[in-house]
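*Asks:* One structure coming up, written as structure tokens, with questions to follow.
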Amino acid sequence: MMVIMKIGRNINNQEIAKLLRVISAAYEIRGGNKFKIIAYDRAATAIEHATSEAKDLWDDGKLTEIPGVGASIASHLDELFRKGKVAHFEAIMRGLPPAMFEFLDIPGIGAKSAYKLCRELKIKNSQTAVLDLEKAAKKGKIAKIEGFGQKSQEDILEAIKVFKAGEIKENRMVLPYADAIAQEMISYLKKIPATVQADPLGSLRRRVATIGDVDIAVSTLKPVEVINWFVRYPKARKLVEKGPSGATILLKNGRQVDLRVQRPEAYGAMLQYFTGSKHHNIHLRELALKKGFSLSEYGIKKIKNLKLKIKNYANEEDFYKALDMDWIPPELREDTGEIEAALLPPIRRDQGKPDGLPKLVELEDVKGDLHIHSNFPVEESHDPGLDPMEEIIKVAHTLNYEYIGFTEHNPSQSQHSENQIISLLKRKKEAIDKINYSRVKKLLNGIFNGLEIDIKPNGELAIPEKALDLLDYGLASIHSSFRMSR
């Protein structure tokens with residue numbers, strides 16, 4: 001299998017994450033402990049999004065500083081970095097068809113389904129595994145496998161189309177990890193006097209939930225010096241592209257970072273242009289055209305008088321003001337009404353739209369959190385929390401929260417009777433009641449007892465009805481059977 005063949009002492013974060021997910025899948029097929037499966041998945045995600053290479057942290061003796069990498073996984077990675085292989089991993093993988101792991105990237109196919117498909121269809125070649133699966137589906141072979149059927153076959157064919165079309169953005173990062181990469185890069189760029197200002201661009205600046213590449217803008221009078229400094233970034237693995245207005249590097253963790261430089265007097269226009277979104281900028285250009293202006297990353301130019309030079313803007317506020325608009329926070333730039341709302345008050349009144357831009361929520365506006373998982377032992381079905389209630393309460397206090405609620409996952413129905421589930425939830429209620437009557441409670445105005453409850457395929461909740469009486473509230477959500485039509 002490709003991921004196993006590539007492992008070695010110089011393995012990067014993306015390859016380690018892939019390897020750990022493979023081991024997690026192997027454990028699942030072999031009926032391994034669910035907490036061990038979860039641990040490998042968590043470690044994979046943490047390493048995938050880490051801003052430092054796991055190998056570098058291992059060199060410094062700091063491998064366990066990566067969240068989710070405990071002593072056991074750290075010991076296996078230690079062996080990997082020293083020997084280029086892990087005996088335990090090889091033992092877990094032994095006898096499993098390598099091709100099955102290629103199916104894990106196809107939406108809707110889990111480890112057990114992938115194993116069964118490989119075994120029943122006799123798919124052995126990892127390089128052609130997805131193509132072979134598609135051919136089998138088109139010939140109606142999947143529908144004949146016990147436990148699949150015609151609907152599953154149709155779903156798999158559709159999922160393969162999505163996979164092949166590249167609609168699954170496997171390499172996208174969640175916002176906090178992308179933000180960490182960007183802030184570290186910005187701190188590095190600001191170490192030289194040539195950097196006047198540096199900011200993130202694109203979806204990262206708009207604070208979108210997931211990010212592809214990290215884009216950075218720099219205001220400078222010395223672009224060559226900044227670009228040369230950028231490409232010498234210590235965590236860069238490869239120079240992808242370099243030119244007079246920017247450069248692109250690939251980091252050791254596999255993430256791409258793009259740099260754009262601009263003179264200070266035109267920096268605001270570039271910042272606006274490359275922040276986006278695409279639809280926001282299209283709408284803005286249409287508005288500008290009606291006013292006789294043309295917009296670009298360099299500034300604003302009058303269309304009818306081409307002899308006039310383009311007008312530069314050092315900041316976004318002046319750029320938007322030139323279009324008779326208030327400055328629009330990046331988070332709102334998705335063409336969902338923000339352009340109309342940003343028009344200056346007299347224009348809004350003339351158009352019958354008196355309301356302006358909404359005030360964004362600030363951190364100090366957040367008064368509490370009602371979806372928190374502690375490590376209280378309710379023997380949940382999956383994903384237990386990491387920290388005790390008392391520690392979470394102390395952190396909530398430092399955040400100036402007024403209240404919090406604990407919502408661990410419901411106890412596993414497959415491993416507990418109704419009476420056992422009720423007993424576990426009673427213990428949790430008693431623990432929270434005790435906290436509420438202790439000195440810890442004084443840190444917050446309210447500590448509530450909640451539960452995140454699975455919705456089963458038949459629409460029922462995954463706890464007995466009597467158990468609801470033990471809760472202050474519940475969060476109901478679907479955690480499995482995602483391919484059902486309703």
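Chain labels run A, B, ... following the order of the structure tokens; each chain numbers its residues from 1, and ligands are numbered from 1 in the order shown.
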Quick one: everything within 12 Å of Leu157 of chain A, counting only C-alpha atoms, minus sequence neighbours fewer than 5 positions away in the same chain. Send it as a PyMOL selection string.

*Replies:* chain A and resi 106-109+130-143+150-152+162-164

*Asks:* Mind the document's chain letters and residue numbers, and return as a list in words the residues of segment 324-399 of chain A that DSSP labels helix (DSSP H, G or I).

*Replies:*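 The helix (DSSP H, G or I) subset of segment 324-399 of chain A is Pro330, Glu331, Leu332, Glu338, Ile339, Glu340, Ala341, Ala342, Pro345, Pro346, Ile347, Arg348, Arg349, Asp350, Leu363, Glu364, Asp365, Met389, Glu390, Glu391, Ile392, Ile393, Lys394, Val395, Ala396, His397 and Thr398 of chain A.
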
*Asks:* In Å, how far is it from atom CA of Ile422 of chain A to atom CA of Glu460 of chain A?

*Replies:*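 So the answer is 16.6 Å.
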
*Asks:* Write out as JSON lines the residues of segment 271-321 of chain A that have any atom within 12 Å of an atom of segment 202-222 of chain A, one row each with the nearest atom pair and its distance in Å to one decimal, counting only C-alpha atoms, sorted by chain and then rising number.

*Replies:*
{"residue": "A:Leu271", "atom": "CA", "partner": "A:Ala217", "partner_atom": "CA", "distance": 7.0}
{"residue": "A:Gln272", "atom": "CA", "partner": "A:Gly202", "partner_atom": "CA", "distance": 9.3}
{"residue": "A:Tyr273", "atom": "CA", "partner": "A:Gly202", "partner_atom": "CA", "distance": 9.0}
{"residue": "A:Phe274", "atom": "CA", "partner": "A:Gly202", "partner_atom": "CA", "distance": 5.8}
{"residue": "A:Thr275", "atom": "CA", "partner": "A:Gly202", "partner_atom": "CA", "distance": 4.1}
{"residue": "A:Gly276", "atom": "CA", "partner": "A:Gly202", "partner_atom": "CA", "distance": 5.9}
{"residue": "A:Ser277", "atom": "CA", "partner": "A:Gly202", "partner_atom": "CA", "distance": 7.1}
{"residue": "A:Lys278", "atom": "CA", "partner": "A:Gly202", "partner_atom": "CA", "distance": 9.5}
{"residue": "A:His280", "atom": "CA", "partner": "A:Arg206", "partner_atom": "CA", "distance": 11.5}
{"residue": "A:Asn281", "atom": "CA", "partner": "A:Gly202", "partner_atom": "CA", "distance": 11.7}
{"residue": "A:Glu297", "atom": "CA", "partner": "A:Ala217", "partner_atom": "CA", "distance": 11.8}
{"residue": "A:Ala314", "atom": "CA", "partner": "A:Ser219", "partner_atom": "CA", "distance": 9.3}
{"residue": "A:Asn315", "atom": "CA", "partner": "A:Ser219", "partner_atom": "CA", "distance": 10.6}

*Asks:* With C-alpha atoms kept, could you save the residues just selected as a CSV table (one decimal), in the first residue's frame?

*Replies:*
chain,number,residue,atom,x,y,z
A,271,LEU,CA,-5.7,44.1,0.7
A,272,GLN,CA,-9.3,44.6,-0.5
A,273,TYR,CA,-8.8,42.9,-3.8
A,274,PHE,CA,-7.2,39.7,-2.5
A,275,THR,CA,-9.4,39.4,0.6
A,276,GLY,CA,-12.4,38.7,-1.6
A,277,SER,CA,-14.8,37.0,-1.7
A,278,LYS,CA,-15.1,36.5,-5.4
A,280,HIS,CA,-18.3,40.4,-3.1
A,281,ASN,CA,-15.7,41.7,-5.5
A,297,GLU,CA,-5.5,45.5,-6.9
A,314,ALA,CA,-3.1,53.0,1.4
A,315,ASN,CA,-5.9,51.6,3.5

*Asks:* Pick out each residue of segment 232-392 of chain A that DSSP on the backbone tags as strand (DSSP E); I need them as a short mmCIF file (atom, residue, chain, number, x, y, z; two decimals) with N, CA and C atoms, in the first residue's frame.

*Replies:*
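Written file, part.cif:
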data_model
loop_
_atom_site.label_atom_id
_atom_site.label_comp_id
_atom_site.auth_asym_id
_atom_site.auth_seq_id
_atom_site.Cartn_x
_atom_site.Cartn_y
_atom_site.Cartn_z
N ALA A 236 10.31 26.26 5.50
CA ALA A 236 10.02 26.03 4.09
C ALA A 236 10.74 24.77 3.62
N ARG A 237 10.02 23.94 2.87
CA ARG A 237 10.62 22.73 2.32
C ARG A 237 11.00 22.91 0.86
N LYS A 238 10.22 23.74 0.14
CA LYS A 238 10.43 23.85 -1.30
C LYS A 238 9.96 25.22 -1.79
N LEU A 239 10.75 25.82 -2.68
CA LEU A 239 10.33 27.05 -3.34
C LEU A 239 9.53 26.66 -4.58
N VAL A 240 8.28 27.09 -4.62
CA VAL A 240 7.40 26.75 -5.74
C VAL A 240 7.51 27.79 -6.85
N GLU A 241 7.50 29.07 -6.46
CA GLU A 241 7.52 30.15 -7.46
C GLU A 241 8.05 31.42 -6.81
N LYS A 242 8.73 32.23 -7.62
CA LYS A 242 9.27 33.49 -7.10
C LYS A 242 9.27 34.51 -8.23
N GLY A 243 8.76 35.72 -7.94
CA GLY A 243 8.70 36.77 -8.94
C GLY A 243 8.84 38.13 -8.30
N GLY A 246 5.89 38.73 -5.59
CA GLY A 246 5.56 37.74 -4.57
C GLY A 246 6.28 36.43 -4.77
N ALA A 247 5.89 35.44 -3.97
CA ALA A 247 6.51 34.12 -4.04
C ALA A 247 5.58 33.10 -3.39
N THR A 248 5.85 31.83 -3.69
CA THR A 248 5.08 30.73 -3.11
C THR A 248 6.05 29.68 -2.59
N ILE A 249 5.83 29.23 -1.36
CA ILE A 249 6.66 28.17 -0.79
C ILE A 249 5.77 27.04 -0.28
N LEU A 250 6.34 25.87 -0.21
CA LEU A 250 5.69 24.72 0.40
C LEU A 250 6.39 24.46 1.73
N LEU A 251 5.61 24.41 2.80
CA LEU A 251 6.18 24.19 4.13
C LEU A 251 6.50 22.72 4.35
N GLN A 256 0.88 25.08 1.72
CA GLN A 256 1.41 26.09 0.81
C GLN A 256 1.13 27.48 1.35
N VAL A 257 2.13 28.36 1.25
CA VAL A 257 1.98 29.75 1.68
C VAL A 257 2.35 30.66 0.50
N ASP A 258 1.46 31.59 0.17
CA ASP A 258 1.68 32.54 -0.92
C ASP A 258 1.91 33.93 -0.34
N LEU A 259 2.87 34.64 -0.88
CA LEU A 259 3.17 36.00 -0.45
C LEU A 259 2.91 36.97 -1.60
N ARG A 260 2.27 38.10 -1.29
CA ARG A 260 2.09 39.19 -2.24
C ARG A 260 2.63 40.47 -1.59
N VAL A 261 3.40 41.23 -2.35
CA VAL A 261 3.95 42.48 -1.81
C VAL A 261 3.38 43.66 -2.59
N GLN A 262 3.28 44.80 -1.91
CA GLN A 262 2.74 46.01 -2.55
C GLN A 262 3.33 47.23 -1.86
N PHE A 293 -16.21 53.93 -12.57
CA PHE A 293 -14.89 53.56 -12.06
C PHE A 293 -14.53 52.12 -12.45
N SER A 294 -13.25 51.87 -12.50
CA SER A 294 -12.72 50.52 -12.68
C SER A 294 -11.85 50.19 -11.47
N LEU A 295 -12.04 49.00 -10.90
CA LEU A 295 -11.31 48.59 -9.70
C LEU A 295 -10.22 47.59 -10.04
N SER A 296 -9.13 47.63 -9.29
CA SER A 296 -8.06 46.63 -9.44
C SER A 296 -7.30 46.53 -8.14
N GLY A 299 -5.79 50.01 -7.26
CA GLY A 299 -6.58 51.17 -6.86
C GLY A 299 -7.82 51.34 -7.71
N ILE A 300 -8.26 52.59 -7.87
CA ILE A 300 -9.49 52.91 -8.59
C ILE A 300 -9.16 53.90 -9.71
N LYS A 301 -9.73 53.64 -10.90
CA LYS A 301 -9.44 54.49 -12.06
C LYS A 301 -10.76 54.88 -12.73
N LYS A 302 -10.83 56.14 -13.20
CA LYS A 302 -12.01 56.58 -13.94
C LYS A 302 -11.98 56.00 -15.34
N GLY A 368 -21.08 32.51 27.58
CA GLY A 368 -21.04 31.14 28.07
C GLY A 368 -20.93 30.14 26.94
N ASP A 369 -20.91 28.87 27.31
CA ASP A 369 -20.80 27.78 26.34
C ASP A 369 -21.65 26.62 26.83
N LEU A 370 -22.61 26.21 26.02
CA LEU A 370 -23.53 25.15 26.42
C LEU A 370 -23.26 23.84 25.70
N HIS A 371 -22.07 23.71 25.10
CA HIS A 371 -21.71 22.44 24.44
C HIS A 371 -20.26 22.12 24.76
N ILE A 372 -20.05 21.51 25.92
CA ILE A 372 -18.70 21.19 26.41
C ILE A 372 -18.66 19.72 26.82
#

*Asks:* Could you name the residues that touch Gly110 of chain A at 10 Å or less, counting only C-alpha atoms, but leaving out those on the same chain fewer than 3 positions away, as a PyMOL selection string?

*Replies:* chain A and resi 25+28-29+100-101+103-107+113-115

*Asks:* Here is a test: counting only C-alpha atoms, which residue of A:Ala54, A:His49, A:Ala87, A:Asp155 is nearest to Leu175 of chain A?

*Replies:*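 Looking only at the distances to Leu175 of chain A, the closest residue turns out to be A:His49.
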
*Asks:* Interatomic distance between atom CA of Glu90 of chain A and atom CA of Leu121 of chain A?

*Replies:*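 Those two atoms sit 24.3 Å apart.
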
*Asks:* Report, in Å to a single decimal, how far apart atom CA of Asp383 of chain A and atom CA of Lys34 of chain A are.

*Replies:*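 Spanning atom CA of Lys34 of chain A to atom CA of Asp383 of chain A is a straight-line distance of 9.2 Å.
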
*Asks:* With only C-alpha atoms as the counted atoms, please give the residues lying no more than 7 Å from Gly474 of chain A, apart from itself and same-chain residues fewer than 4 positions off, as an MDAnalysis selection string.

*Replies:* chainID A and resid 450:453

*Asks:* Measuring atom to atom with only C-alpha atoms, identify which of A:Thr51, A:Leu201, A:Pro98, A:Phe376 is nearest to Pro330 of chain A.

*Replies:*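 Of A:Thr51, A:Leu201, A:Pro98, A:Phe376, the one nearest Pro330 of chain A is A:Leu201, counting only C-alpha atoms.
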
*Asks:* Near Ile66 of chain A, within 7 Å and counting only C-alpha atoms, which residues show up once chain neighbours fewer than 3 positions away are dropped, as a PyMOL selection string?

*Replies:* chain A and resi 46+63+69

*Asks:* Which one of A:Thr336, A:Ala74, A:Lys434, A:Cys118 sits closest to Lys62 of chain A if you count only C-alpha atoms?

*Replies:*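 Checking each candidate against Lys62 of chain A, we get A:Ala74 as the closest.
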
*Asks:* Give the answer as one residue: which of A:Glu390, A:Thr128, A:Leu343, A:Ala26 has the shortest atom-to-atom distance to Trp327 of chain A, using only C-alpha atoms?

*Replies:*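 Residue with the minimum atom-to-atom distance to Trp327 of chain A: A:Leu343.
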
*Asks:* Write out as a PyMOL selection string which residues come within 10 Å of segment 413-417 of chain A when counting only C-alpha atoms, dropping same-chain ones fewer than 3 positions away.

*Replies:* chain A and resi 379-381+410+420-424+462-464

*Asks:* Convert the current residue selection to file output with C-alpha atoms, as a PDB file, in the first residue's frame.

*Replies:*
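The file below, again-v5.pdb, is the result:
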ATOM      1  CA  GLU A 379     -19.055   5.674  29.331  1.00  0.00           C
ATOM      2  CA  GLU A 380     -20.123   7.561  26.220  1.00  0.00           C
ATOM      3  CA  SER A 381     -20.586   6.014  22.807  1.00  0.00           C
ATOM      4  CA  ASN A 410     -24.765   9.621  25.661  1.00  0.00           C
ATOM      5  CA  GLN A 420     -27.299   1.230  33.529  1.00  0.00           C
ATOM      6  CA  ILE A 421     -27.655   4.322  31.313  1.00  0.00           C
ATOM      7  CA  ILE A 422     -29.969   5.955  33.853  1.00  0.00           C
ATOM      8  CA  SER A 423     -27.543   5.081  36.650  1.00  0.00           C
ATOM      9  CA  LEU A 424     -24.595   6.658  34.803  1.00  0.00           C
ATOM     10  CA  ALA A 462     -30.329   6.964  22.087  1.00  0.00           C
ATOM     11  CA  ILE A 463     -31.311   7.227  25.772  1.00  0.00           C
ATOM     12  CA  PRO A 464     -34.399   6.059  27.680  1.00  0.00           C
TER      13      PRO A 464
END

*Asks:* Can you work out which one of A:Glu465, A:Gly459, A:Leu344, A:Glu184 has the shortest atom-to-atom distance to Ser477 of chain A, counting only C-alpha atoms?

*Replies:* A:Gly459
